[in-house]
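Asker: Mind having a look at this structure? Questions to follow.
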Amino acid sequence: MRRTEAEGHGPVRYGPPLPADGLPVLPGLADVLARAAHRADAEPVGGGPALLEAARGYGERRGLPAGADRIVAGPGAPALLLALTAVLGGDVLVPRPCAAWWTPYARALGRPVFHVATPAECGGVPDPYALLETVRRVRDEGGDPRLLVLSVADDPTATVAPPDVLHEAVEAAAGAGLHLVSDETWRDTLHDVHDTVPVSPAEMLPEHVTVVTDLAGALLPPGWPAAVARFPAGPAGDGLHARVLDVLTALGARVAAPVAAAAAYALEEPEPVAARVAAAVRLHARVAEAVHAAVVGAGALALPPRAGRHLYVDLAPLRSALSARGVGDAQDLEDLLGARLGMPAPGGHRFGDDLGALRVRLSTGPLLGTTDTERTECLTSPAPLELPHVHRALIHLRSVFDDLRDDAQRWEPSR
């Protein structure tokens, strides 16, 4: 990942992309896009009837019913969040850490962004007491907090907020008069649906929540940008829907017709799509569990990954070894681990975390191989971790962290 500041430790002006699944495009999905490739136009602003109807059914199957007139499609979740931020106005609140793409759009609009601490057991949602204190402080200082962005299944921490924790955060936000945007990009990537209960804030407080889902989370390749937003019912939701369409029109933010065809097909969840999603989730869950065991075994800290294709690692216990290697902050750590691991390891500062905290997000996709043949083999193998290329990748990752642990032990003062 290239820095935009020559000195390397200045303001962070870009964030890493969503963790890709590292897998070949589903053939049936590619066929749908190819059959629509003759369409040189784009969808109407907000999405055409077929795409909106597919998005309506997708939400209804997840307990989020809404008519197509309350749904908007756009070329990726960033465009939708930009429009929502522009329309809602005021200051923006986000958890710390948060998805790297949440804050640049607020800042591009000149909106202040305030980070709120998260509870110990998960990321993605603010601690309710910290949220209320932040809102009070911002208002006392003349600010105008209006929007809270959160996620139940989180990037970067790969955690899933328990329903009781989420409920407290949602109630606090509503009590503070905030509108909530629930980023549900990773909802379909839960590693164990029996262990983790996904609940949307829109189920708890439907009149205050807009749900945004980027289809790159589970359904589409990241290079085919498409996302959907579901607005609250009632006059306030109707007005928000209309004004977001105005902003998308001004931006020319429309989904390309071939991508819209593929998105509608994926949102309908036919058997090939559902089977691929399930297989990909199982694969990444196994790899994430192995990575988690490796980093924790080396003395680093990380909450067990429950969703997505990534995990968030705190290397503070290895600070002495890292300091000996010239690592003083998250940017240094990103550089060191990126070079040693041979794959991106974006530092926590890219997710709104403190620069001085030694945290990184690790993705599982790069560990699946370097060719489509190797990656496809991961999907079909009953024991993907035993495949030679995956085994080698995990051994290499483990050795990098074990080296840091051994160095840290050598630097410990004798007793």
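Each chain in the structure tokens gets a letter, A, B and so on, in the order shown; residues start at 1 in every chain, and ligands are counted from 1 in the order they appear.
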Please list as a short mmCIF file (atom, residue, chain, number, x, y, z; two decimals) with N, CA and C atoms, in the first residue's frame every residue within 10 Å of region 274-277 of chain A, counting only C-alpha atoms and excluding residues in the same chain fewer than 3 positions away.

Answerer:
```cif
data_model
loop_
_atom_site.label_atom_id
_atom_site.label_comp_id
_atom_site.auth_asym_id
_atom_site.auth_seq_id
_atom_site.Cartn_x
_atom_site.Cartn_y
_atom_site.Cartn_z
N VAL A 25 -14.22 -15.55 -9.53
CA VAL A 25 -15.62 -15.15 -9.66
C VAL A 25 -16.47 -16.39 -9.92
N LEU A 26 -17.61 -16.46 -9.26
CA LEU A 26 -18.54 -17.57 -9.49
C LEU A 26 -18.94 -17.60 -10.96
N ASP A 188 -23.74 -11.44 6.09
CA ASP A 188 -23.84 -12.79 5.52
C ASP A 188 -22.55 -13.58 5.64
N THR A 189 -21.59 -13.09 6.42
CA THR A 189 -20.31 -13.79 6.53
C THR A 189 -20.06 -14.29 7.95
N GLY A 217 -19.33 -7.52 0.28
CA GLY A 217 -19.11 -8.27 1.49
C GLY A 217 -19.25 -9.77 1.29
N ALA A 218 -20.30 -10.20 0.56
CA ALA A 218 -20.52 -11.63 0.41
C ALA A 218 -20.95 -12.03 -0.99
N LEU A 219 -21.49 -11.11 -1.79
CA LEU A 219 -22.19 -11.51 -3.01
C LEU A 219 -21.47 -11.19 -4.31
N LEU A 220 -20.72 -10.10 -4.36
CA LEU A 220 -20.10 -9.66 -5.60
C LEU A 220 -18.60 -9.45 -5.42
N ALA A 266 -27.49 -12.02 -7.81
CA ALA A 266 -26.89 -12.41 -6.53
C ALA A 266 -27.86 -12.17 -5.37
N LEU A 267 -28.58 -11.04 -5.39
CA LEU A 267 -29.50 -10.71 -4.32
C LEU A 267 -30.68 -11.67 -4.25
N GLU A 268 -31.02 -12.30 -5.36
CA GLU A 268 -32.09 -13.30 -5.36
C GLU A 268 -31.64 -14.60 -4.70
N GLU A 269 -30.33 -14.76 -4.52
CA GLU A 269 -29.73 -15.90 -3.81
C GLU A 269 -30.16 -17.26 -4.38
N PRO A 270 -29.98 -17.46 -5.69
CA PRO A 270 -30.22 -18.80 -6.23
C PRO A 270 -29.22 -19.79 -5.64
N GLU A 271 -29.48 -21.06 -5.84
CA GLU A 271 -28.66 -22.09 -5.18
C GLU A 271 -27.17 -21.94 -5.43
N ALA A 280 -17.52 -20.18 0.92
CA ALA A 280 -16.51 -19.16 1.17
C ALA A 280 -16.45 -18.79 2.65
N VAL A 281 -17.61 -18.69 3.28
CA VAL A 281 -17.63 -18.37 4.71
C VAL A 281 -16.95 -19.47 5.51
N ARG A 282 -17.24 -20.72 5.21
CA ARG A 282 -16.59 -21.84 5.94
C ARG A 282 -15.08 -21.80 5.76
N LEU A 283 -14.65 -21.55 4.53
CA LEU A 283 -13.22 -21.51 4.25
C LEU A 283 -12.53 -20.40 5.03
N LEU A 379 -11.66 -24.02 -1.97
CA LEU A 379 -13.11 -24.08 -1.83
C LEU A 379 -13.63 -25.50 -1.80
#
```

Asker: Env of Thr103 (chain A): 9 Å cut, atoms = only C-alpha atoms, seq-sep filter 3 positions within chain, self excluded. Answer as a list of chain:residue names.

Answerer: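 Everything that qualifies: A:Val92, A:Val94, A:Cys98, A:Ala99, A:Ala100, A:Ala106, A:Arg107, A:Ala108, A:Val113, A:Phe351, A:Gly352.
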
Asker: Filtering to C-alpha atoms, could you give me those residues as an mmCIF file, in the first residue's frame?

Answerer:
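The result, stored in out-v6.cif:
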```
data_model
loop_
_atom_site.group_PDB
_atom_site.id
_atom_site.type_symbol
_atom_site.label_atom_id
_atom_site.label_comp_id
_atom_site.auth_asym_id
_atom_site.auth_seq_id
_atom_site.Cartn_x
_atom_site.Cartn_y
_atom_site.Cartn_z
ATOM 1 C CA VAL A 92 -20.735 12.292 12.533
ATOM 2 C CA VAL A 94 -18.283 6.403 14.638
ATOM 3 C CA CYS A 98 -14.197 1.616 12.437
ATOM 4 C CA ALA A 99 -14.255 0.639 8.773
ATOM 5 C CA ALA A 100 -11.676 2.672 6.888
ATOM 6 C CA ALA A 106 -17.669 13.061 6.088
ATOM 7 C CA ARG A 107 -14.358 14.880 5.989
ATOM 8 C CA ALA A 108 -14.724 15.519 2.243
ATOM 9 C CA VAL A 113 -16.022 13.129 12.857
ATOM 10 C CA PHE A 351 -9.365 2.564 10.978
ATOM 11 C CA GLY A 352 -9.401 5.564 13.299
#
```

Asker: Which residue is closest to Thr370 (chain A)? Choose from A:Gly342, A:Gly234, A:Gly124, A:Gly67 and count only C-alpha atoms.

Answerer: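 For Thr370 (chain A), the nearest of the given residues is A:Gly342.
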
Asker: Could you give me the residues within region 57-223 of chain A that DSSP places in strand (DSSP E), as a PyMOL selection string?

Answerer: chain A and resi 71-74+91-96+113-117+145-150+179-183+209-214

Asker: Neighbours of Val313 (chain A) within 7 Å (only C-alpha atoms; same-chain residues fewer than 4 positions away dropped), as a PyMOL selection string?

Answerer: chain A and resi 300-302+359-361

Asker: In terms of the shortest atom-to-atom distance over only C-alpha atoms, which of A:Ala176, A:Ala54, A:Ala285, A:Leu404 is closest to Ala263 (chain A)?

Answerer: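 Among A:Ala176, A:Ala54, A:Ala285, A:Leu404, it is A:Ala54 that comes nearest to Ala263 (chain A).
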
Asker: So that I can see what lies close to region 41-44 of chain A, please list as an mmCIF file with all heavy atoms, in the first residue's frame the residues with an atom at most 8 Å from it, counting only C-alpha atoms and leaving out residues fewer than 5 positions away in the same chain.

Answerer:
```cif
data_model
loop_
_atom_site.group_PDB
_atom_site.id
_atom_site.type_symbol
_atom_site.label_atom_id
_atom_site.label_comp_id
_atom_site.auth_asym_id
_atom_site.auth_seq_id
_atom_site.Cartn_x
_atom_site.Cartn_y
_atom_site.Cartn_z
ATOM 1 N N ARG A 254 -24.629 6.081 -10.498
ATOM 2 C CA ARG A 254 -25.538 5.036 -10.961
ATOM 3 C C ARG A 254 -24.768 3.725 -11.118
ATOM 4 O O ARG A 254 -23.570 3.723 -11.387
ATOM 5 C CB ARG A 254 -26.171 5.433 -12.301
ATOM 6 C CG ARG A 254 -26.950 6.744 -12.224
ATOM 7 C CD ARG A 254 -27.761 6.974 -13.480
ATOM 8 N NE ARG A 254 -26.912 7.221 -14.644
ATOM 9 C CZ ARG A 254 -27.375 7.269 -15.896
ATOM 10 N NH1 ARG A 254 -28.664 7.047 -16.136
ATOM 11 N NH2 ARG A 254 -26.555 7.517 -16.897
ATOM 12 N N VAL A 255 -25.470 2.634 -10.953
ATOM 13 C CA VAL A 255 -24.866 1.316 -11.095
ATOM 14 C C VAL A 255 -24.812 0.957 -12.577
ATOM 15 O O VAL A 255 -25.812 1.102 -13.290
ATOM 16 C CB VAL A 255 -25.672 0.247 -10.330
ATOM 17 C CG1 VAL A 255 -24.997 -1.118 -10.436
ATOM 18 C CG2 VAL A 255 -25.840 0.652 -8.868
ATOM 19 N N ALA A 256 -23.656 0.502 -13.053
ATOM 20 C CA ALA A 256 -23.541 0.077 -14.450
ATOM 21 C C ALA A 256 -24.517 -1.063 -14.718
ATOM 22 O O ALA A 256 -24.706 -1.950 -13.880
ATOM 23 C CB ALA A 256 -22.113 -0.364 -14.745
ATOM 24 N N ALA A 257 -25.136 -1.044 -15.889
ATOM 25 C CA ALA A 257 -26.183 -2.022 -16.189
ATOM 26 C C ALA A 257 -25.710 -3.469 -16.069
ATOM 27 O O ALA A 257 -26.424 -4.299 -15.489
ATOM 28 C CB ALA A 257 -26.759 -1.747 -17.577
ATOM 29 N N ALA A 260 -25.506 -4.230 -12.454
ATOM 30 C CA ALA A 260 -26.843 -4.307 -11.868
ATOM 31 C C ALA A 260 -27.475 -5.659 -12.140
ATOM 32 O O ALA A 260 -28.158 -6.219 -11.270
ATOM 33 C CB ALA A 260 -27.714 -3.182 -12.421
#
```

Asker: Residues at most 7 Å from region 68-74 of chain A, counting only C-alpha atoms, excluding those fewer than 5 positions away in the same chain, as a ChimeraX atom specification?

Answerer: /A:46-47,52-53,56,79-80,226-231,241,253-255

Asker: Mind dumping the selected residues with N, CA, C and O atoms as a short mmCIF file (atom, residue, chain, number, x, y, z; two decimals), in the first residue's frame?

Answerer:
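That gives us part.cif:
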```cif
data_model
loop_
_atom_site.label_atom_id
_atom_site.label_comp_id
_atom_site.auth_asym_id
_atom_site.auth_seq_id
_atom_site.Cartn_x
_atom_site.Cartn_y
_atom_site.Cartn_z
N GLY A 46 -30.60 5.41 -8.39
CA GLY A 46 -31.27 4.68 -7.33
C GLY A 46 -31.57 3.24 -7.65
O GLY A 46 -31.99 2.48 -6.77
N GLY A 47 -31.36 2.83 -8.91
CA GLY A 47 -31.57 1.43 -9.28
C GLY A 47 -32.84 1.21 -10.08
O GLY A 47 -33.85 1.90 -9.88
N LEU A 52 -34.11 -3.33 -7.59
CA LEU A 52 -34.78 -2.94 -6.35
C LEU A 52 -35.68 -4.07 -5.82
O LEU A 52 -35.77 -4.28 -4.61
N GLU A 53 -36.33 -4.79 -6.73
CA GLU A 53 -37.17 -5.90 -6.29
C GLU A 53 -36.31 -7.01 -5.68
O GLU A 53 -36.68 -7.63 -4.68
N ARG A 56 -35.36 -5.89 -2.31
CA ARG A 56 -36.50 -5.98 -1.39
C ARG A 56 -36.63 -7.41 -0.84
O ARG A 56 -36.79 -7.62 0.37
N ALA A 79 -20.67 5.61 -1.92
CA ALA A 79 -21.52 6.61 -2.55
C ALA A 79 -22.79 6.82 -1.74
O ALA A 79 -23.27 7.97 -1.59
N LEU A 80 -23.35 5.73 -1.21
CA LEU A 80 -24.57 5.86 -0.42
C LEU A 80 -24.30 6.57 0.90
O LEU A 80 -25.10 7.40 1.34
N ALA A 226 -21.51 -2.26 -6.22
CA ALA A 226 -22.97 -2.16 -6.06
C ALA A 226 -23.30 -2.27 -4.58
O ALA A 226 -22.69 -3.06 -3.86
N ALA A 227 -24.25 -1.49 -4.14
CA ALA A 227 -24.70 -1.52 -2.75
C ALA A 227 -26.15 -1.10 -2.70
O ALA A 227 -26.66 -0.46 -3.64
N VAL A 228 -26.81 -1.44 -1.61
CA VAL A 228 -28.22 -1.06 -1.44
C VAL A 228 -28.41 -0.44 -0.07
O VAL A 228 -27.70 -0.77 0.89
N ALA A 229 -29.35 0.48 -0.01
CA ALA A 229 -29.73 1.12 1.26
C ALA A 229 -31.23 0.96 1.46
O ALA A 229 -32.01 1.11 0.52
N ARG A 230 -31.61 0.65 2.69
CA ARG A 230 -33.03 0.51 3.07
C ARG A 230 -33.35 1.62 4.05
O ARG A 230 -32.72 1.74 5.10
N PHE A 231 -34.37 2.43 3.74
CA PHE A 231 -34.71 3.59 4.54
C PHE A 231 -35.86 3.29 5.49
O PHE A 231 -36.68 2.40 5.24
N HIS A 241 -35.09 9.40 1.78
CA HIS A 241 -34.97 8.66 0.52
C HIS A 241 -34.93 9.62 -0.67
O HIS A 241 -34.07 9.51 -1.56
N ALA A 253 -24.18 9.06 -9.66
CA ALA A 253 -23.81 7.80 -9.01
C ALA A 253 -24.83 6.73 -9.36
O ALA A 253 -25.80 6.50 -8.63
N ARG A 254 -24.63 6.08 -10.50
CA ARG A 254 -25.54 5.04 -10.96
C ARG A 254 -24.77 3.73 -11.12
O ARG A 254 -23.57 3.72 -11.39
N VAL A 255 -25.47 2.63 -10.95
CA VAL A 255 -24.87 1.32 -11.09
C VAL A 255 -24.81 0.96 -12.58
O VAL A 255 -25.81 1.10 -13.29
#
```

Asker: Find, counting only C-alpha atoms, the residue in A:Ala345, A:Pro24, A:His310, A:Leu82 that gets nearest to Glu377 (chain A).

Answerer: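 Smallest separation from Glu377 (chain A) among the options: A:Pro24.
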
Asker: Any chance you could list, as a ChimeraX atom specification, the residues in region 283-349 of chain A that come up helix (DSSP H, G or I) when DSSP is run on the backbone?

Answerer: /A:283-297,316-324,330-341,348-349

Asker: May I have the selected residues written with C-alpha atoms, as a CSV table (one decimal), in the first residue's frame?

Answerer:
```
chain,number,residue,atom,x,y,z
A,283,LEU,CA,-13.2,-21.5,4.2
A,284,HIS,CA,-12.4,-18.1,5.6
A,285,ALA,CA,-13.6,-19.1,9.1
A,286,ARG,CA,-11.2,-22.0,9.2
A,287,VAL,CA,-8.3,-19.8,8.0
A,288,ALA,CA,-9.2,-17.0,10.4
A,289,GLU,CA,-9.3,-19.4,13.3
A,290,ALA,CA,-5.8,-20.7,12.3
A,291,VAL,CA,-4.4,-17.1,12.0
A,292,HIS,CA,-6.0,-16.2,15.4
A,293,ALA,CA,-4.3,-19.2,17.0
A,294,ALA,CA,-1.0,-18.2,15.5
A,295,VAL,CA,-1.0,-14.6,16.6
A,296,VAL,CA,-2.4,-15.4,20.1
A,297,GLY,CA,0.2,-18.2,20.5
A,316,ALA,CA,1.3,-4.2,22.4
A,317,PRO,CA,2.7,-7.2,24.4
A,318,LEU,CA,5.4,-7.5,21.8
A,319,ARG,CA,6.3,-3.8,21.9
A,320,SER,CA,9.9,-4.4,23.1
A,321,ALA,CA,10.7,-6.7,20.2
A,322,LEU,CA,9.1,-4.3,17.8
A,323,SER,CA,10.9,-1.3,19.2
A,324,ALA,CA,14.2,-3.1,18.7
A,330,ALA,CA,1.1,1.6,13.7
A,331,GLN,CA,2.6,2.9,10.4
A,332,ASP,CA,5.9,1.3,11.2
A,333,LEU,CA,4.1,-1.9,12.1
A,334,GLU,CA,2.2,-1.8,8.9
A,335,ASP,CA,5.5,-1.5,7.0
A,336,LEU,CA,7.3,-4.2,8.9
A,337,LEU,CA,4.5,-6.8,8.8
A,338,GLY,CA,3.6,-6.0,5.2
A,339,ALA,CA,7.2,-6.7,4.2
A,340,ARG,CA,7.7,-9.7,6.4
A,341,LEU,CA,4.3,-11.4,5.6
A,348,GLY,CA,-5.0,0.5,13.1
A,349,HIS,CA,-4.5,4.2,12.3
```

Asker: Could you pull the residues within 10 Å of Glu374 (chain A), counting only C-alpha atoms, minus those fewer than 6 positions along the same chain, as JSON, numbers by chain?

Answerer: {"A": [23, 24, 368, 387, 388, 389, 390]}

Asker: For a test of reading the model, state the distance in Å between CA of Leu240 (chain A) and CA of Glu207 (chain A), rounded to one decimal.

Answerer: 11.7 Å

Asker: Using CA of Val211 (chain A) and CA of Asp183 (chain A) as the two end points, give the distance in Å to one decimal.

Answerer: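 Separation between CA of Val211 (chain A) and CA of Asp183 (chain A): 6.1 Å.
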
Asker: What is the CA of Arg35 (chain A)-CA of Thr371 (chain A) distance in Å, reported with one decimal?

Answerer: 25.7 Å

Asker: Go through A:Asp214, A:Arg392, A:Ala408, A:Gly347 and flag the residue nearest Ala298 (chain A), using only C-alpha atoms for the distances.

Answerer: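 Among the listed residues, the smallest separation from Ala298 (chain A) belongs to A:Ala408.
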
Asker: With distances taken over only C-alpha atoms, which residue among A:Asp192, A:Asp140, A:Asp164, A:Glu133 lies nearest Pro304 (chain A)?

Answerer: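 When distances to Pro304 (chain A) are compared using only C-alpha atoms, the smallest one comes from A:Asp192.
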
Asker: Pick the closest to Ala36 (chain A) from A:Ala383, A:Val400, A:Leu315, A:Ala264: which is it, counting only C-alpha atoms?

Answerer: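 Of the candidates, the smallest distance to Ala36 (chain A) is held by A:Ala264.
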
Asker: With a distance cut-off of 9 Å and only C-alpha atoms, select the neighbouring residues of Arg146 (chain A), excluding the residue or stretch itself and same-chain residues fewer than 4 positions from it, and output the selection as a count of residues only.

Answerer: 11
